[in-house]
Amino acid sequence: MLQYSLDDVTQTALINEGLLTKDQLSKARKIAEHLNGEKTLGDVLLEMNWISRPRLDDLVRRSRSRVSISDILIARRLVTDDDVRAAREIQRKSSSKPKRIGETLVEMGLIEERHIVEALAEKFNLPIVEPDITQIDSELVRKVSLKYLRRQVALPIKLEAGRLQLLVADPTMTHFVEEIERLFGCRVQLALATSAIISQKLDLIDALLQGKESGIADYHKVKYHTLEAQSQSGEDRVVQMVDQLIKSAIEEGASDVHLEPMANKLRIRYRIDGVLVHKLDFPRDYTPRIISRIKILADADVAERRKHQDGRIFVKTDTQEIDIRASFYATVFGENVVLRILNKASLISLQELGFAPNILRIYSEDVLAVPSGITLITGPTGSGKTTTLYSSIDFCNDPTVKIITCEDPVEYVIDGISQCSINEKIGLGFNETLRSIVRQDPDIIVIGEIRDPFSADIAVQSALTGHKVFATFHTEDSVGALVRLINMEIETSLIASTIGAVLAQRLVRKVCPGCRVEYQPEDRVLRRFSLKRDEINCFTLFHGKGCSACNFTGYRGRLGIYELLVPNVDIRDAILQKRTMQEIRQISLDSCSLCTMQEDGMVKALRGATTLEEVLENAPRVFHHRPLDTLMEIVG
């Protein structure tokens with residue numbers, strides 16, 4: 001029998017066609033409720049012998065055929081009658097091959113493909129399935145052309161009890177289903193998924209079965225290990241799995257890949273736009289082989305599994321050079337691996353970072369163009385400091401200027417700059433490099449990070465002798481950097497005379513352009529910014545509904561929110577007097593027109609780039625609030 005928890009329309013039809021009495025239907029409902037979902041209403045009716053299986057199946061089929069996909073979408077309030085009429089008008093005027101109403105609604109940007117799949121699942125009572133690699137019998141795919149499966153957007157999953165579970169995006173492809181039944185000699189049981197999910201699984205199966213000529217194996221740069229040298233078919237499969245994982249992460253713009261051994265599987269997650277996204281799982285049996293493969297690529301000790309390790313993988317494509325940092329962390333279920341992906345081709349200009357117009361002008365003209373002084377770029381790990389640092393260095397890069405760096409390690413290679421990567425293993429330490437760097441006749445010195453009083457003192461002494469110094473610093477905000485230098489017992493007179501600017505920053509996610517819609521934030525959100533609803537009526541605020549392009553998060557890509565402090569006489573006096581953080585911050589707000597990260601983010605949200613909720617989640621909270629027109633004048 002068709003597995004179906006009978007809807008209201010079908011139940012009414014059972015009575016109207018004289019197949020059941022109202023009393024029988026009422027009793028059957030009570031029994032089904034009492035069984036707590038162990039049996040459907042249809043199962044109860046059959047076991048009570050109140051209706052025959054053929055008659056119930058026939059009624060269910062006829063009921064389904066009467067309900068259209070558009071009716072289901074309207075009932076779910078995903079579209080309106082006007083939307084459907086507009087879609088049908090587009091279909092009528094189209095000269096190309098006619099499309100289904102759902103496809104047209106998707107192309108109009110009104111709904112996502114997943115909404116169509118959910119409606120199909122309701123209409124045909126089919127499950128929605130997103131299998132991980134452990135649930136797919138890849139041997140089944142060998143019996144069918146991958147090209148043919150891609151064209152039909154289908155994937156055989158498993159064969160059990162004489163039934164083949166087949167994943168499809170369109171359950172109405174009867175000719176295709178009949179062909180699969182003939183090919184496998186068994187009945188087909190359909191399950192639904194979006195075409196994007198099916199294509200992704202086919203790509204992974206393709207990599208596991210055959211490998212890809214365009215995979216990482218063909219352009220890996222580690223000279224001590226050749227990826228093609230594997231001889232065992234099982235090992236070949238692991239090679240392709242690892243290559244496909246890394247290749248997929250690069251293509252999706254992930255910053256990190258997390259491989260996490262668990263009790264019964266190896267979980268794979270990507271960090272995309274700062275958020276972890278679960279991608280797939282591998283069987284636990286694959287865990288040691290996959291991790292060993294990554295260790296080989298990273299030049300780590302394969303035999304050592306009790307200690308934490310680090311390594312690097314270099315990958316080159318036709319258009320990109322990728323530096324991957326590998327970190328191996330021993331856990332109770334095996335080694336946890338995190339791959340940090342650094343795209344050397346992703347160096348971007350200052351204009352692309354997301355600076356507000358006035359802040360960009362001040363930073364480029366009053367900070368970067370000045371020949372001396374210390375510029376500190378501050379924020380926590382993952383706040384985009386390194387990207388801003390390199391963009392700033394690139395802005396200053398000129399044939400007439402000598403730029404030299406001390407980094408741990410070099411993350412982006414820039415032509416025309418002398419870059420040094422710290423290597424403690426060979427005695428090339430941070431302190432020794434800093435001592436030598438001033439003897440190289442530099443104009444601009446880049447210190448990867450101020451980590452202790454020694455590096456802070458080198459930065460200050462270099463600035464005093466006329467050098468321009470760039471450095472990153474781990475502090476909460478711009479004023480916090482000044483206070484931390486004071487707490488390092490650097491002479492306040494030296495701090496006051498050498499600090500040219502402090503740029504604090506965070507990253508917020510941008511609203512996905514593919515699914516953005518206008519919205520109104522909740523009152524509680526407006527209160528956090530001290531905004532009144534009538535103040536924002538002149539702005540159009542957006543948020544994302546969620547689509548396949550943004551992993552249904554509503555966000556795609558990131559931009560910076562900034563707090564630029566260029567000390568004036570009042571602030572330098574406050575440093576000399578060792579005033580408190582709160583006092584220096586208030587002076588900065590009053591005399592320097594400092595725009596905080598939360599305020600910068602708020603303006604960007606009002607202009608539609610991000611959301612107020614995203615700014616609240618990522619920017620340090622402030623408790624002072626200035627008029628909106630004042631802020632608009634500050635940021636430009």
# chains A, B, ... in the order shown; residues from 1 in each chain; ligands from 1
$ residues_around --residues "stretch 526-530 of chain A" --least-positions-apart "4" --cutoff "8 Å" --atoms "only C-alpha atoms" --output "PyMOL selection string"
chain A and resi 521-522+602+625
$ write_last_selection --atoms "C-alpha atoms" --output "compact mmCIF listing (two decimals), in the first residue's frame"
# COMPACT_ATOMS: atom_id res chain seq x y z
CA PRO A 521 13.73 44.51 12.56
CA GLU A 522 12.08 43.74 15.88
CA MET A 602 24.59 49.93 12.18
CA HIS A 625 24.33 56.60 21.47
$ residues_around --residues "A:Ser391" --least-positions-apart "5" --cutoff "8 Å" --atoms "only C-alpha atoms" --output "ChimeraX atom specification"
/A:347-350
$ closest_residue --among "A:Gln189, A:Gln520, A:Ser327, A:Thr194" --to "A:Val257" --atoms "only C-alpha atoms"
A:Ser327
$ residues_around --residues "A:Glu107" --least-positions-apart "4" --cutoff "12 Å" --atoms "only C-alpha atoms" --output "PyMOL selection string"
chain A and resi 87+90-91+99-103+111-113+514-515
$ write_last_selection --atoms "N, CA, C and O atoms" --output "CSV table (one decimal), in the first residue's frame"
chain,number,residue,atom,x,y,z
A,87,ALA,N,3.3,33.9,-12.8
A,87,ALA,CA,4.2,32.8,-13.3
A,87,ALA,C,3.5,32.1,-14.5
A,87,ALA,O,4.2,31.8,-15.5
A,90,ILE,N,4.0,34.3,-17.5
A,90,ILE,CA,5.4,34.2,-18.0
A,90,ILE,C,5.5,32.9,-18.9
A,90,ILE,O,6.1,32.9,-20.0
A,91,GLN,N,4.9,31.8,-18.4
A,91,GLN,CA,4.9,30.6,-19.1
A,91,GLN,C,4.2,30.7,-20.5
A,91,GLN,O,4.6,30.2,-21.5
A,99,LYS,N,8.0,25.1,-19.0
A,99,LYS,CA,8.5,24.6,-17.7
A,99,LYS,C,7.4,24.4,-16.7
A,99,LYS,O,6.3,25.0,-16.9
A,100,ARG,N,7.6,23.7,-15.7
A,100,ARG,CA,6.6,23.5,-14.7
A,100,ARG,C,6.5,24.7,-13.9
A,100,ARG,O,7.4,25.6,-13.8
A,101,ILE,N,5.3,24.9,-13.2
A,101,ILE,CA,5.0,26.1,-12.5
A,101,ILE,C,6.0,26.4,-11.4
A,101,ILE,O,6.4,27.5,-11.1
A,102,GLY,N,6.5,25.3,-10.8
A,102,GLY,CA,7.5,25.4,-9.7
A,102,GLY,C,8.8,26.0,-10.2
A,102,GLY,O,9.4,26.9,-9.5
A,103,GLU,N,9.3,25.5,-11.3
A,103,GLU,CA,10.5,26.0,-11.9
A,103,GLU,C,10.4,27.5,-12.2
A,103,GLU,O,11.3,28.3,-12.0
A,111,ILE,N,10.6,31.6,-4.5
A,111,ILE,CA,10.8,30.5,-3.6
A,111,ILE,C,12.1,29.8,-4.0
A,111,ILE,O,12.7,30.2,-5.0
A,112,GLU,N,12.5,28.9,-3.2
A,112,GLU,CA,13.7,28.1,-3.4
A,112,GLU,C,13.3,26.7,-3.9
A,112,GLU,O,12.1,26.3,-3.7
A,113,GLU,N,14.2,26.0,-4.5
A,113,GLU,CA,13.9,24.7,-5.0
A,113,GLU,C,13.5,23.7,-3.9
A,113,GLU,O,12.7,22.9,-4.1
A,514,GLY,N,21.2,36.9,-3.6
A,514,GLY,CA,20.3,36.0,-4.4
A,514,GLY,C,19.0,35.8,-3.7
A,514,GLY,O,18.0,35.4,-4.4
A,515,CYS,N,18.9,36.1,-2.4
A,515,CYS,CA,17.6,35.8,-1.7
A,515,CYS,C,17.2,37.0,-0.8
A,515,CYS,O,16.4,36.8,0.1
$ atom_distance --atom1 "atom CA of A:Asn487" --atom2 "atom CA of A:Ala574"
14.5 Å
$ select_by_dssp --residues "stretch 300-467 of chain A" --states "helix (DSSP H, G or I)" --output "PDB file with C-alpha atoms, in the first residue's frame"
ATOM      1  CA  LYS A 344      47.333  33.720  -1.900  1.00  0.00           C
ATOM      2  CA  ALA A 345      45.455  35.238  -4.838  1.00  0.00           C
ATOM      3  CA  SER A 346      42.784  36.719  -2.580  1.00  0.00           C
ATOM      4  CA  LEU A 350      41.430  48.789   0.622  1.00  0.00           C
ATOM      5  CA  GLN A 351      38.413  49.897  -1.396  1.00  0.00           C
ATOM      6  CA  GLU A 352      37.017  46.351  -1.317  1.00  0.00           C
ATOM      7  CA  PRO A 357      33.839  56.683   2.596  1.00  0.00           C
ATOM      8  CA  ASN A 358      35.113  59.115   5.239  1.00  0.00           C
ATOM      9  CA  ILE A 359      36.893  56.392   7.230  1.00  0.00           C
ATOM     10  CA  LEU A 360      38.642  55.176   4.064  1.00  0.00           C
ATOM     11  CA  ARG A 361      39.723  58.723   3.223  1.00  0.00           C
ATOM     12  CA  ILE A 362      41.156  59.327   6.712  1.00  0.00           C
ATOM     13  CA  TYR A 363      42.893  55.930   6.778  1.00  0.00           C
ATOM     14  CA  SER A 364      44.495  56.284   3.353  1.00  0.00           C
ATOM     15  CA  GLU A 365      45.416  59.996   3.556  1.00  0.00           C
ATOM     16  CA  ASP A 366      46.078  60.627   7.261  1.00  0.00           C
ATOM     17  CA  VAL A 367      47.455  57.221   8.277  1.00  0.00           C
ATOM     18  CA  LEU A 368      48.951  55.268   5.375  1.00  0.00           C
ATOM     19  CA  LYS A 385      43.324  41.668  10.737  1.00  0.00           C
ATOM     20  CA  THR A 386      45.727  39.896   8.396  1.00  0.00           C
ATOM     21  CA  THR A 387      43.719  40.785   5.298  1.00  0.00           C
ATOM     22  CA  THR A 388      43.594  44.458   6.315  1.00  0.00           C
ATOM     23  CA  LEU A 389      47.307  44.426   7.176  1.00  0.00           C
ATOM     24  CA  TYR A 390      48.307  43.075   3.766  1.00  0.00           C
ATOM     25  CA  SER A 391      45.940  45.416   1.929  1.00  0.00           C
ATOM     26  CA  SER A 392      47.517  48.321   3.836  1.00  0.00           C
ATOM     27  CA  ILE A 393      51.052  47.153   3.001  1.00  0.00           C
ATOM     28  CA  ASP A 394      50.115  46.731  -0.654  1.00  0.00           C
ATOM     29  CA  PHE A 395      48.729  50.278  -0.669  1.00  0.00           C
ATOM     30  CA  CYS A 396      52.112  51.573   0.572  1.00  0.00           C
ATOM     31  CA  GLU A 424      62.066  28.401  15.406  1.00  0.00           C
ATOM     32  CA  LYS A 425      63.267  24.905  14.341  1.00  0.00           C
ATOM     33  CA  ILE A 426      66.329  26.373  12.610  1.00  0.00           C
ATOM     34  CA  PHE A 430      61.028  36.249  16.424  1.00  0.00           C
ATOM     35  CA  ASN A 431      63.333  38.298  18.688  1.00  0.00           C
ATOM     36  CA  GLU A 432      66.469  37.642  16.603  1.00  0.00           C
ATOM     37  CA  THR A 433      64.629  38.655  13.419  1.00  0.00           C
ATOM     38  CA  LEU A 434      63.350  41.867  14.981  1.00  0.00           C
ATOM     39  CA  ARG A 435      66.882  42.801  16.087  1.00  0.00           C
ATOM     40  CA  SER A 436      68.186  42.272  12.546  1.00  0.00           C
ATOM     41  CA  ILE A 437      65.328  43.951  10.720  1.00  0.00           C
ATOM     42  CA  VAL A 438      66.322  47.526  11.661  1.00  0.00           C
ATOM     43  CA  ARG A 439      69.780  46.989  10.096  1.00  0.00           C
ATOM     44  CA  GLN A 440      68.229  46.349   6.664  1.00  0.00           C
ATOM     45  CA  PRO A 453      57.023  43.924  25.731  1.00  0.00           C
ATOM     46  CA  PHE A 454      60.078  43.144  23.574  1.00  0.00           C
ATOM     47  CA  SER A 455      58.208  43.331  20.256  1.00  0.00           C
ATOM     48  CA  ALA A 456      56.298  46.389  21.493  1.00  0.00           C
ATOM     49  CA  ASP A 457      59.584  48.092  22.377  1.00  0.00           C
ATOM     50  CA  ILE A 458      61.088  47.273  18.952  1.00  0.00           C
ATOM     51  CA  ALA A 459      58.016  48.816  17.288  1.00  0.00           C
ATOM     52  CA  VAL A 460      58.293  51.967  19.386  1.00  0.00           C
ATOM     53  CA  GLN A 461      62.069  52.348  18.908  1.00  0.00           C
ATOM     54  CA  SER A 462      61.700  51.835  15.147  1.00  0.00           C
ATOM     55  CA  ALA A 463      59.021  54.513  14.953  1.00  0.00           C
ATOM     56  CA  LEU A 464      61.191  56.895  16.988  1.00  0.00           C
TER      57      LEU A 464
END
$ residues_around --residues "A:Arg114" --least-positions-apart "5" --cutoff "9 Å" --atoms "only C-alpha atoms" --output "PyMOL selection string"
chain A and resi 119+193-194+547-548
$ write_last_selection --atoms "all heavy atoms" --output "PDB file, in the first residue's frame"
ATOM      1  N   ALA A 119       6.934  20.485  -1.336  1.00  0.00           N
ATOM      2  CA  ALA A 119       5.568  20.369  -1.857  1.00  0.00           C
ATOM      3  C   ALA A 119       5.367  19.047  -2.590  1.00  0.00           C
ATOM      4  O   ALA A 119       4.311  18.390  -2.464  1.00  0.00           O
ATOM      5  CB  ALA A 119       5.282  21.543  -2.798  1.00  0.00           C
ATOM      6  N   ALA A 193      15.149  14.927  -3.117  1.00  0.00           N
ATOM      7  CA  ALA A 193      16.192  15.870  -2.682  1.00  0.00           C
ATOM      8  C   ALA A 193      16.282  16.953  -3.740  1.00  0.00           C
ATOM      9  O   ALA A 193      15.802  16.781  -4.869  1.00  0.00           O
ATOM     10  CB  ALA A 193      17.532  15.167  -2.508  1.00  0.00           C
ATOM     11  N   THR A 194      16.897  18.071  -3.397  1.00  0.00           N
ATOM     12  CA  THR A 194      17.081  19.131  -4.389  1.00  0.00           C
ATOM     13  C   THR A 194      18.123  18.696  -5.416  1.00  0.00           C
ATOM     14  O   THR A 194      18.971  17.838  -5.146  1.00  0.00           O
ATOM     15  CB  THR A 194      17.544  20.435  -3.728  1.00  0.00           C
ATOM     16  OG1 THR A 194      18.840  20.231  -3.157  1.00  0.00           O
ATOM     17  CG2 THR A 194      16.567  20.897  -2.665  1.00  0.00           C
ATOM     18  N   CYS A 547      18.895  30.563   0.692  1.00  0.00           N
ATOM     19  CA  CYS A 547      18.852  29.867  -0.599  1.00  0.00           C
ATOM     20  C   CYS A 547      20.045  28.920  -0.682  1.00  0.00           C
ATOM     21  O   CYS A 547      20.925  28.916   0.190  1.00  0.00           O
ATOM     22  CB  CYS A 547      18.866  30.866  -1.753  1.00  0.00           C
ATOM     23  SG  CYS A 547      20.379  31.850  -1.884  1.00  0.00           S
ATOM     24  N   SER A 548      20.081  28.119  -1.731  1.00  0.00           N
ATOM     25  CA  SER A 548      21.159  27.136  -1.862  1.00  0.00           C
ATOM     26  C   SER A 548      22.517  27.826  -2.012  1.00  0.00           C
ATOM     27  O   SER A 548      23.543  27.289  -1.598  1.00  0.00           O
ATOM     28  CB  SER A 548      20.898  26.225  -3.062  1.00  0.00           C
ATOM     29  OG  SER A 548      20.730  26.994  -4.249  1.00  0.00           O
TER      30      SER A 548
END
